[in-house]
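Student: Sharing protein.tsv here; it has TSV, C-alpha atoms.
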chain	number	residue	atom	x	y	z
A	1	MET	CA	97.46	126.43	119.20
A	2	LEU	CA	98.06	130.13	118.60
A	3	ALA	CA	101.66	129.31	117.70
A	4	GLU	CA	100.47	126.77	115.13
A	5	ILE	CA	98.56	129.43	113.20
A	6	SER	CA	100.87	132.39	113.85
A	7	HIS	CA	102.24	132.31	110.29
A	8	ILE	CA	98.90	132.31	108.51
A	9	GLY	CA	98.10	135.63	106.87
A	10	ARG	CA	101.01	137.39	108.57
A	11	ASP	CA	102.62	140.35	106.78
A	12	PRO	CA	106.41	139.84	107.06
A	13	ALA	CA	107.03	143.58	106.80
A	14	THR	CA	104.66	144.78	109.54
A	15	HIS	CA	104.06	141.51	111.46
A	16	GLY	CA	100.37	142.35	111.28
A	17	TYR	CA	97.71	139.93	110.07
A	18	VAL	CA	95.56	140.13	106.94
A	19	ARG	CA	92.92	137.43	107.20
A	20	ASP	CA	89.98	138.58	105.07
A	21	ALA	CA	86.90	136.38	105.08
A	22	TRP	CA	87.04	133.59	102.48
A	23	SER	CA	90.62	134.52	101.50
A	24	PRO	CA	93.29	131.78	101.21
A	25	ALA	CA	94.41	132.67	104.75
A	26	ASP	CA	90.87	132.36	106.08
A	27	LEU	CA	90.33	129.05	104.31
A	28	GLU	CA	93.56	127.74	105.85
A	29	LEU	CA	92.35	128.80	109.28
A	30	ARG	CA	89.02	127.09	108.69
A	31	GLU	CA	90.91	123.90	107.86
A	32	TRP	CA	92.87	124.30	111.11
A	33	PHE	CA	89.54	124.52	112.97
A	34	ARG	CA	88.40	121.31	111.30
A	35	GLN	CA	91.62	119.56	112.34
A	36	GLU	CA	91.26	120.69	115.96
A	37	THR	CA	87.67	119.47	115.89
A	38	ALA	CA	88.69	116.04	114.57
A	39	ARG	CA	91.59	115.79	117.03
A	40	ARG	CA	89.09	115.96	119.89
A	41	GLY	CA	86.51	113.65	118.35
A	42	LEU	CA	83.94	116.43	118.04
A	43	ASP	CA	81.23	116.56	115.39
A	44	LEU	CA	81.71	119.33	112.81
A	45	HIS	CA	78.84	121.26	111.26
A	46	GLU	CA	78.97	124.19	108.83
A	47	ASP	CA	75.75	126.17	108.74
A	48	ARG	CA	74.17	127.81	105.70
A	49	ASN	CA	76.14	131.05	106.30
A	50	GLY	CA	79.57	129.44	106.62
A	51	ASN	CA	79.80	129.53	110.43
A	52	LEU	CA	81.55	126.46	111.86
A	53	TRP	CA	80.32	124.48	114.88
A	54	ALA	CA	82.19	121.71	116.72
A	55	TRP	CA	79.92	119.68	119.03
A	56	TRP	CA	80.61	117.50	122.06
A	57	GLY	CA	77.25	115.77	122.41
A	58	ASP	CA	74.12	115.96	120.29
A	59	PRO	CA	72.52	119.43	120.06
A	60	GLU	CA	69.46	117.86	118.45
A	61	ARG	CA	68.70	116.26	121.81
A	62	GLU	CA	68.53	119.62	123.56
A	63	PRO	CA	70.00	123.12	123.03
A	64	GLY	CA	73.63	123.27	124.03
A	65	VAL	CA	76.14	125.56	125.69
A	66	VAL	CA	78.35	127.15	123.04
A	67	THR	CA	81.59	129.09	123.24
A	68	GLY	CA	83.95	130.40	120.54
A	69	SER	CA	84.77	133.51	118.53
A	70	HIS	CA	86.22	134.17	115.04
A	71	LEU	CA	89.44	133.65	113.06
A	72	ASP	CA	89.33	136.46	110.47
A	73	SER	CA	91.11	139.75	111.22
A	74	VAL	CA	91.08	143.42	110.44
A	75	ARG	CA	93.81	144.32	107.98
A	76	GLN	CA	97.16	144.61	109.76
A	77	GLY	CA	95.52	143.38	112.96
A	78	GLY	CA	96.94	141.49	115.90
A	79	ALA	CA	97.25	137.80	116.77
A	80	PHE	CA	94.69	137.71	119.59
A	81	ASP	CA	91.51	139.41	118.35
A	82	GLY	CA	89.34	136.40	117.58
A	83	PRO	CA	91.82	133.49	117.56
A	84	LEU	CA	92.37	133.77	121.33
A	85	GLY	CA	88.69	133.01	121.86
A	86	VAL	CA	88.68	130.02	119.52
A	87	ALA	CA	91.90	128.50	120.87
A	88	SER	CA	90.78	129.12	124.48
A	89	SER	CA	87.49	127.36	123.74
A	90	PHE	CA	89.28	124.20	122.60
A	91	ALA	CA	91.68	124.48	125.56
A	92	ALA	CA	88.74	124.83	127.98
A	93	LEU	CA	87.21	121.63	126.59
A	94	ASP	CA	90.56	119.89	127.07
A	95	LEU	CA	90.66	121.12	130.67
A	96	LEU	CA	87.14	119.85	131.36
A	97	ARG	CA	88.12	116.43	130.05
A	98	GLU	CA	91.20	116.46	132.28
A	99	ARG	CA	88.81	117.10	135.17
A	100	ALA	CA	86.84	114.03	134.04
A	101	PHE	CA	83.80	116.26	133.65
A	102	THR	CA	80.94	114.92	131.56
A	103	PRO	CA	78.59	117.69	130.44
A	104	ALA	CA	74.89	117.09	131.03
A	105	LYS	CA	74.18	119.30	128.02
A	106	PRO	CA	75.76	119.39	124.54
A	107	LEU	CA	78.84	121.59	124.48
A	108	GLY	CA	79.93	123.39	121.30
A	109	VAL	CA	82.74	125.54	119.92
A	110	ALA	CA	81.77	128.09	117.26
A	111	CYS	CA	83.86	129.90	114.66
A	112	PHE	CA	81.89	132.78	113.17
A	113	THR	CA	82.54	133.96	109.63
A	114	ASP	CA	83.66	137.51	108.77
A	115	GLU	CA	83.33	139.06	112.22
A	116	GLU	CA	85.53	142.02	111.34
A	117	GLY	CA	83.87	143.01	108.07
A	118	ALA	CA	87.27	143.91	106.59
A	119	ARG	CA	86.47	142.57	103.13
A	120	PHE	CA	82.82	143.48	102.53
A	121	GLY	CA	82.31	146.33	104.99
A	122	VAL	CA	79.68	144.79	107.28
A	123	PRO	CA	80.98	143.49	110.62
A	124	CYS	CA	79.69	140.30	112.25
A	125	MET	CA	78.46	139.09	108.87
A	126	GLY	CA	78.11	135.44	109.89
A	127	SER	CA	76.12	136.09	113.06
A	128	ARG	CA	74.02	138.82	111.42
A	129	LEU	CA	73.00	136.41	108.65
A	130	LEU	CA	72.46	133.56	111.12
A	131	THR	CA	70.03	135.62	113.19
A	132	GLY	CA	68.32	137.31	110.24
A	133	VAL	CA	69.57	140.78	111.18
A	134	LEU	CA	71.19	141.18	107.75
A	135	ASP	CA	69.17	140.74	104.55
A	136	PRO	CA	70.75	137.87	102.57
A	137	ALA	CA	70.18	139.57	99.19
A	138	ARG	CA	71.99	142.67	100.41
A	139	ALA	CA	74.82	140.55	101.81
A	140	ALA	CA	75.24	138.58	98.58
A	141	ALA	CA	75.53	141.82	96.58
A	142	LEU	CA	78.22	143.39	98.77
A	143	ARG	CA	81.49	143.97	96.90
A	144	ASP	CA	85.09	143.82	98.05
A	145	ASP	CA	87.89	146.15	96.94
A	146	GLU	CA	88.45	144.03	93.82
A	147	GLY	CA	84.81	144.35	92.75
A	148	ASP	CA	83.88	140.76	93.58
A	149	THR	CA	80.51	140.23	95.26
A	150	LEU	CA	80.11	138.00	98.28
A	151	ALA	CA	78.04	135.72	96.05
A	152	ASP	CA	80.98	135.41	93.63
A	153	VAL	CA	83.42	134.68	96.46
A	154	LEU	CA	81.18	132.07	98.08
A	155	ALA	CA	80.62	130.29	94.76
A	156	ARG	CA	84.39	130.05	94.20
A	157	ALA	CA	84.74	128.63	97.72
A	158	GLY	CA	82.19	125.92	96.93
A	159	ARG	CA	79.32	127.45	98.93
A	160	ASP	CA	75.82	128.26	97.78
A	161	PRO	CA	75.13	132.02	98.02
A	162	LEU	CA	71.39	131.31	97.71
A	163	ALA	CA	71.54	129.48	101.05
A	164	LEU	CA	72.39	132.66	102.99
A	165	GLY	CA	69.90	133.78	105.61
A	166	ARG	CA	68.39	133.16	109.02
A	167	ASP	CA	69.13	129.60	110.09
A	168	GLU	CA	66.44	128.30	112.43
A	169	GLU	CA	67.96	124.82	112.62
A	170	THR	CA	71.30	126.15	113.88
A	171	LEU	CA	69.72	128.68	116.24
A	172	ARG	CA	67.64	125.95	117.90
A	173	ARG	CA	70.86	124.23	118.90
A	174	VAL	CA	72.23	127.21	120.85
A	175	GLY	CA	70.90	127.40	124.38
A	176	VAL	CA	73.51	129.91	125.55
A	177	PHE	CA	76.64	131.45	124.03
A	178	VAL	CA	79.75	132.63	125.91
A	179	GLU	CA	82.49	134.40	123.97
A	180	LEU	CA	86.01	134.90	125.32
A	181	HIS	CA	87.93	137.80	123.78
A	182	VAL	CA	91.07	139.78	124.40
A	183	GLU	CA	90.08	143.12	125.90
A	184	GLN	CA	90.40	145.96	123.39
A	185	GLY	CA	91.26	148.62	125.93
A	186	LYS	CA	92.87	149.00	129.37
A	187	GLY	CA	89.90	148.48	131.67
A	188	LEU	CA	91.32	145.31	133.21
A	189	VAL	CA	94.78	146.87	133.44
A	190	ASP	CA	93.31	149.71	135.50
A	191	LEU	CA	91.41	147.22	137.68
A	192	GLY	CA	94.42	144.94	138.14
A	193	ALA	CA	92.48	141.87	137.00
A	194	PRO	CA	93.46	139.23	134.40
A	195	VAL	CA	89.85	138.37	133.49
A	196	GLY	CA	86.59	140.30	133.37
A	197	VAL	CA	82.97	139.95	132.29
A	198	ALA	CA	81.16	142.18	129.77
A	199	ALA	CA	78.27	144.27	131.03
A	200	ALA	CA	77.26	145.82	127.71
A	201	ILE	CA	78.37	146.74	124.19
A	202	TRP	CA	78.01	150.36	123.12
A	203	PRO	CA	75.83	151.19	120.11
A	204	HIS	CA	77.96	151.62	117.01
A	205	GLY	CA	77.78	151.88	113.24
A	206	ARG	CA	79.53	152.59	109.95
A	207	TRP	CA	78.60	155.20	107.36
A	208	ARG	CA	80.00	155.80	103.88
A	209	PHE	CA	80.58	159.41	102.81
A	210	ASP	CA	80.99	159.98	99.05
A	211	PHE	CA	82.45	163.38	98.17
A	212	HIS	CA	81.96	164.09	94.46
A	213	GLY	CA	84.12	166.49	92.45
A	214	GLN	CA	85.76	166.82	89.04
A	215	ALA	CA	88.93	164.90	88.17
A	216	ASN	CA	91.45	167.15	86.44
A	217	HIS	CA	95.14	167.76	85.79
A	218	ALA	CA	97.13	168.82	88.89
A	219	GLY	CA	99.52	170.99	86.91
A	220	THR	CA	97.21	172.86	84.56
A	221	THR	CA	94.00	173.38	86.53
A	222	ARG	CA	93.91	176.73	88.31
A	223	LEU	CA	92.93	176.67	91.98
A	224	ALA	CA	89.89	178.80	91.22
A	225	ASP	CA	88.72	176.28	88.60
A	226	ARG	CA	89.04	173.18	90.77
A	227	ASP	CA	86.23	171.08	92.20
A	228	ASP	CA	88.38	169.08	94.59
A	229	PRO	CA	86.44	166.65	96.83
A	230	MET	CA	89.50	166.19	99.06
A	231	LEU	CA	88.83	169.59	100.63
A	232	PRO	CA	85.33	168.89	102.02
A	233	TYR	CA	86.59	165.47	103.08
A	234	ALA	CA	89.43	167.05	105.06
A	235	ARG	CA	87.04	169.54	106.67
A	236	THR	CA	84.72	166.68	107.63
A	237	VAL	CA	87.53	164.71	109.28
A	238	LEU	CA	88.41	167.71	111.46
A	239	ALA	CA	84.74	168.40	112.19
A	240	ALA	CA	84.23	164.77	113.23
A	241	ARG	CA	86.85	165.10	115.95
A	242	GLN	CA	85.34	168.33	117.24
A	243	ALA	CA	81.79	166.96	117.14
A	244	ALA	CA	82.84	163.78	118.94
A	245	GLU	CA	84.28	165.85	121.78
A	246	ARG	CA	81.07	167.90	122.04
A	247	HIS	CA	78.78	164.87	121.99
A	248	GLY	CA	80.97	162.69	124.22
A	249	VAL	CA	81.29	159.88	121.64
A	250	LEU	CA	83.96	158.37	119.41
A	251	ALA	CA	84.24	159.13	115.68
A	252	THR	CA	86.87	157.76	113.30
A	253	PHE	CA	87.53	158.09	109.59
A	254	GLY	CA	89.85	155.10	109.22
A	255	LYS	CA	89.29	154.10	105.61
A	256	VAL	CA	89.40	156.31	102.51
A	257	ARG	CA	89.36	155.57	98.78
A	258	VAL	CA	90.36	158.20	96.22
A	259	SER	CA	89.61	158.11	92.50
A	260	PRO	CA	91.50	158.23	90.20
A	261	ASN	CA	94.18	158.12	92.92
A	262	ASN	CA	96.93	159.69	90.81
A	263	ALA	CA	99.60	161.90	92.35
A	264	ASN	CA	99.29	164.35	89.45
A	265	ALA	CA	95.51	164.56	89.32
A	266	VAL	CA	92.81	166.41	91.22
A	267	PRO	CA	90.51	163.68	92.58
A	268	GLY	CA	87.07	163.16	91.14
A	269	LEU	CA	85.69	161.13	94.02
A	270	VAL	CA	86.67	160.60	97.64
A	271	SER	CA	84.88	157.82	99.51
A	272	ALA	CA	85.44	157.69	103.26
A	273	TRP	CA	84.03	155.51	106.00
A	274	LEU	CA	82.98	156.91	109.37
A	275	ASP	CA	82.97	154.64	112.43
A	276	ALA	CA	80.94	156.19	115.25
A	277	ARG	CA	80.09	154.75	118.65
A	278	GLY	CA	79.30	155.83	122.18
A	279	ALA	CA	77.68	154.85	125.46
A	280	ALA	CA	74.23	155.93	124.21
A	281	GLU	CA	72.54	155.94	120.80
A	282	GLU	CA	71.21	159.51	120.71
A	283	PRO	CA	74.56	161.36	120.73
A	284	VAL	CA	75.98	158.97	118.11
A	285	ARG	CA	73.01	159.63	115.83
A	286	ALA	CA	73.31	163.37	116.47
A	287	LEU	CA	76.98	163.33	115.44
A	288	VAL	CA	76.24	161.48	112.20
A	289	ALA	CA	73.38	163.84	111.34
A	290	GLU	CA	75.59	166.87	112.00
A	291	LEU	CA	78.42	165.55	109.83
A	292	SER	CA	76.06	164.50	107.05
A	293	GLU	CA	74.67	168.03	106.79
A	294	LEU	CA	78.03	169.77	107.12
A	295	SER	CA	79.94	167.59	104.66
A	296	GLY	CA	77.72	167.98	101.62
A	297	ALA	CA	78.56	164.36	100.83
A	298	GLU	CA	76.30	161.55	99.73
A	299	VAL	CA	75.93	159.52	102.96
A	300	SER	CA	74.78	155.91	103.26
A	301	ALA	CA	74.55	153.72	106.37
A	302	GLU	CA	76.39	150.41	106.00
A	303	SER	CA	75.78	148.90	109.44
A	304	TRP	CA	74.22	149.74	112.78
A	305	THR	CA	74.24	147.80	116.05
A	306	PRO	CA	72.08	149.13	118.89
A	307	VAL	CA	73.24	149.01	122.50
A	308	VAL	CA	73.48	145.47	123.86
A	309	THR	CA	73.07	144.99	127.60
A	310	PHE	CA	73.93	141.42	128.50
A	311	GLU	CA	71.31	139.65	130.60
A	312	GLU	CA	72.02	140.49	134.23
A	313	GLY	CA	71.47	137.03	135.70
A	314	LEU	CA	73.77	135.32	133.21
A	315	ARG	CA	76.35	138.09	133.51
A	316	ASP	CA	76.42	137.84	137.30
A	317	ARG	CA	76.61	134.04	137.12
A	318	LEU	CA	79.75	134.31	134.99
A	319	ALA	CA	81.29	136.87	137.31
A	320	ALA	CA	80.67	134.59	140.29
A	321	VAL	CA	82.12	131.35	138.92
A	322	ALA	CA	84.87	132.54	136.53
A	323	GLY	CA	87.49	133.04	139.27
A	324	GLU	CA	88.24	132.30	142.90
A	325	ARG	CA	86.49	135.59	143.71
A	326	PRO	CA	83.96	137.55	141.63
A	327	VAL	CA	85.64	139.10	138.58
A	328	PRO	CA	85.04	142.70	137.48
A	329	VAL	CA	82.22	143.63	135.13
A	330	LEU	CA	82.80	146.31	132.48
A	331	ALA	CA	81.27	147.70	129.31
A	332	THR	CA	83.04	147.85	125.94
A	333	GLY	CA	82.91	149.93	122.79
A	334	ALA	CA	83.94	146.99	120.59
A	335	GLY	CA	81.38	144.94	118.66
A	336	HIS	CA	81.25	141.14	118.87
A	337	ASP	CA	79.21	138.18	117.61
A	338	ALA	CA	78.01	137.66	121.20
A	339	GLY	CA	76.36	141.07	120.98
A	340	ILE	CA	74.56	140.18	117.75
A	341	LEU	CA	73.24	136.95	119.27
A	342	ALA	CA	72.17	138.70	122.47
A	343	GLY	CA	70.40	141.40	120.48
A	344	ALA	CA	68.50	138.67	118.62
A	345	GLY	CA	67.29	137.05	121.85
A	346	VAL	CA	69.92	134.32	122.29
A	347	PRO	CA	71.21	134.21	125.90
A	348	ALA	CA	74.82	135.38	125.56
A	349	ALA	CA	77.69	136.68	127.65
A	350	MET	CA	81.39	137.55	127.33
A	351	LEU	CA	84.67	137.08	129.13
A	352	PHE	CA	87.60	139.44	128.56
A	353	VAL	CA	91.31	138.67	128.98
A	354	ARG	CA	93.60	141.51	130.01
A	355	ASN	CA	95.55	143.34	127.29
A	356	PRO	CA	98.54	145.06	128.96
A	357	SER	CA	99.08	147.51	126.11
A	358	GLY	CA	95.41	148.36	125.66
A	359	VAL	CA	96.14	148.37	121.90
A	360	SER	CA	93.98	146.38	119.51
A	361	HIS	CA	93.41	146.17	115.73
A	362	SER	CA	97.19	146.51	115.52
A	363	PRO	CA	100.23	144.20	115.58
A	364	ALA	CA	100.93	145.65	119.07
A	365	GLU	CA	97.87	143.85	120.46
A	366	HIS	CA	99.00	141.51	123.24
A	367	ALA	CA	98.04	139.25	126.11
A	368	GLU	CA	100.42	137.60	128.56
A	369	ALA	CA	100.57	133.80	128.64
A	370	ALA	CA	99.57	133.72	132.31
A	371	ASP	CA	96.49	135.85	131.62
A	372	CYS	CA	95.53	133.66	128.66
A	373	GLU	CA	95.78	130.63	130.94
A	374	ALA	CA	93.63	132.40	133.52
A	375	GLY	CA	91.11	133.02	130.75
A	376	VAL	CA	91.04	129.31	129.86
A	377	HIS	CA	90.43	128.35	133.49
A	378	ALA	CA	87.71	131.00	133.82
A	379	LEU	CA	86.01	129.78	130.63
A	380	ALA	CA	86.23	126.15	131.75
A	381	ASN	CA	84.64	127.08	135.09
A	382	VAL	CA	81.84	128.91	133.31
A	383	LEU	CA	81.17	126.07	130.86
A	384	GLU	CA	81.21	123.51	133.67
A	385	ASP	CA	78.67	125.55	135.60
A	386	LEU	CA	76.39	126.08	132.59
A	387	CYS	CA	76.61	122.43	131.53
A	388	ARG	CA	75.51	120.93	134.84
Let me see the structure of the file written as structure tokens.

Tutor:
Amino acid sequence: MLAEISHIGRDPATHGYVRDAWSPADLELREWFRQETARRGLDLHEDRNGNLWAWWGDPEREPGVVTGSHLDSVRQGGAFDGPLGVASSFAALDLLRERAFTPAKPLGVACFTDEEGARFGVPCMGSRLLTGVLDPARAAALRDDEGDTLADVLARAGRDPLALGRDEETLRRVGVFVELHVEQGKGLVDLGAPVGVAAAIWPHGRWRFDFHGQANHAGTTRLADRDDPMLPYARTVLAARQAAERHGVLATFGKVRVSPNNANAVPGLVSAWLDARGAAEEPVRALVAELSELSGAEVSAESWTPVVTFEEGLRDRLAAVAGERPVPVLATGAGHDAGILAGAGVPAAMLFVRNPSGVSHSPAEHAEAADCEAGVHALANVLEDLCR
């Protein structure tokens, strides 16, 4: 299945993937999901926020067991972040049918919309809207790099932007959610295990820093006369690294936009996005406050996800049944739709598949075929146990 979609959204120069939400690549992937759903005789449902659900059994009868992930990507991302979870979910259903297993509860596969937030800046957009964590009016007004709002993009894709928001009907159908994901680090490599279970997701957020200055000619404006916002931006980047080391957290300026963005002009505006996360909320907040004061920039919060500790009983149940012996349990600094659902009160858990390189959000992201197969078997075991 991964091979079937390996060409979609792939940059031939870098071999990375660009699969922005609601882009032609994303729409092609959504069609692939529909085809896989039909191939297995499952019932397809698209909720009011564009999330896709493939059902084996009737979730109106009773809440079901759901697995799945997402198909969009960060820009220049890898082939496994998201799609591995969706493909493994379909493969786990196939394996259960090969075992002649008939679930006593409805079993579903979900594909969440815009998990990465690459286009509109807010990660886990589909699950945040589904659970009511994100205000639908704010979401509809978000703009991409071309200036198009989410409302504009949805309308062109044949969806109703006024329908966005918490979806009680869909939430009632989800009794428990289990997400399989490639590990975005080397925890399982260090533990020598192909599969693991998530204990928690670190608190994390994104902040926009706008550094204002005066655009001017690069060749005629004396240094003493310049108001160059690139300088405080550069100082803030260096300060972020130093502050992160002091506070024991992670801080990254990974996206920057310069206006007017001419090689022969002093910038008038530098907009930069800070990603900050750590094992606890307080030091992350302290870092952001410190940088906000030091930078002199106009700072606005774009997203925040508090710490998510997955329910201990469900977590331990997964660890016990996923493999022949209990699999390791580890925390992660990466955000996921499972974390949004868990934070909103939906019973949720996660499985990780080993990434030998430890690299993610990059074309170098990888998982060995044998480990992916182990992940499918682990997921099938978990679903079988939860569906009894």

Student: Within 10 Å of region 215-221 of chain A, counting only C-alpha atoms, which residues qualify if same-chain residues fewer than 6 places away don't, as a count of residues only?

Tutor: 14

Student: With distances taken over all atoms listed in the file, which of A:Val327, A:Met125, A:Ala224, A:Val178 is nearest to Asn51 (chain A)?

Tutor: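 Among the listed residues, A:Met125 lies closest to Asn51 (chain A).
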
Student: Tell me which of A:Gly158, A:Gly64, A:Gly254, A:Pro347 sits closest to His361 (chain A), counting only C-alpha atoms.

Tutor: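 Comparing A:Gly158, A:Gly64, A:Gly254, A:Pro347 against His361 (chain A), the winner is A:Gly254.
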
Student: Counting only C-alpha atoms, which of A:Ala100, A:Ala155, A:Leu162, A:Leu95 gets nearest to Ala139 (chain A)?

Tutor: A:Leu162

Student: Within 9 Å of region 16-40 of chain A, which residues of region 112-189 of chain A come that close, and what is the closest atom pair and distance in Å for each? Count all atoms listed in the file and give it as a tab-separated table.

Tutor:
residue	atom	partner	partner_atom	distance
A:Thr113	CA	A:Ala21	CA	6.8
A:Asp114	CA	A:Ala21	CA	5.0
A:Glu115	CA	A:Ala21	CA	8.4
A:Glu116	CA	A:Asp20	CA	8.4
A:Gly117	CA	A:Ala21	CA	7.9
A:Ala118	CA	A:Asp20	CA	6.2
A:Arg119	CA	A:Asp20	CA	5.7
A:Phe120	CA	A:Ala21	CA	8.6
A:Val153	CA	A:Trp22	CA	7.1
A:Leu154	CA	A:Trp22	CA	7.5
A:Ala157	CA	A:Trp22	CA	7.2

Student: For Ala348 (chain A), find every residue with an atom within 10 Å (counting all atoms listed in the file), except residues of its own chain fewer than 2 positions away, and show them as number ranges by chain.

Tutor: A: 65-67, 174-179, 309-311, 314-315, 337-346, 350

Student: Could you jot down the CA of Trp56 (chain A) to CA of Glu98 (chain A) separation for me, Å, one decimal place?

Tutor: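 Between CA of Trp56 (chain A) and CA of Glu98 (chain A) the gap is 14.8 Å.
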
Student: If you measure from CA of Asp43 (chain A) to CA of Gly108 (chain A), what distance in Å do you get, rounded to one decimal?

Tutor: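 Distance between the two atoms: 9.1 Å.
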
Student: So, counting all atoms listed in the file, which residue among A:Val237, A:Val353, A:Val382, A:Ala272 is closest to His212 (chain A)?

Tutor: A:Ala272

Student: Between CA of Gly132 (chain A) and CA of Arg173 (chain A), what is the distance in Å, rounded to a tenth?

Tutor: 15.9 Å

Student: Compare A:Leu129, A:Ala297, A:Leu44, A:Val359 by their minimum atom-to-atom distance to Gly187 (chain A), counting all atoms listed in the file, and give me the closest one.

Tutor: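 Using all atoms listed in the file, the shortest distance to Gly187 (chain A) belongs to A:Val359.
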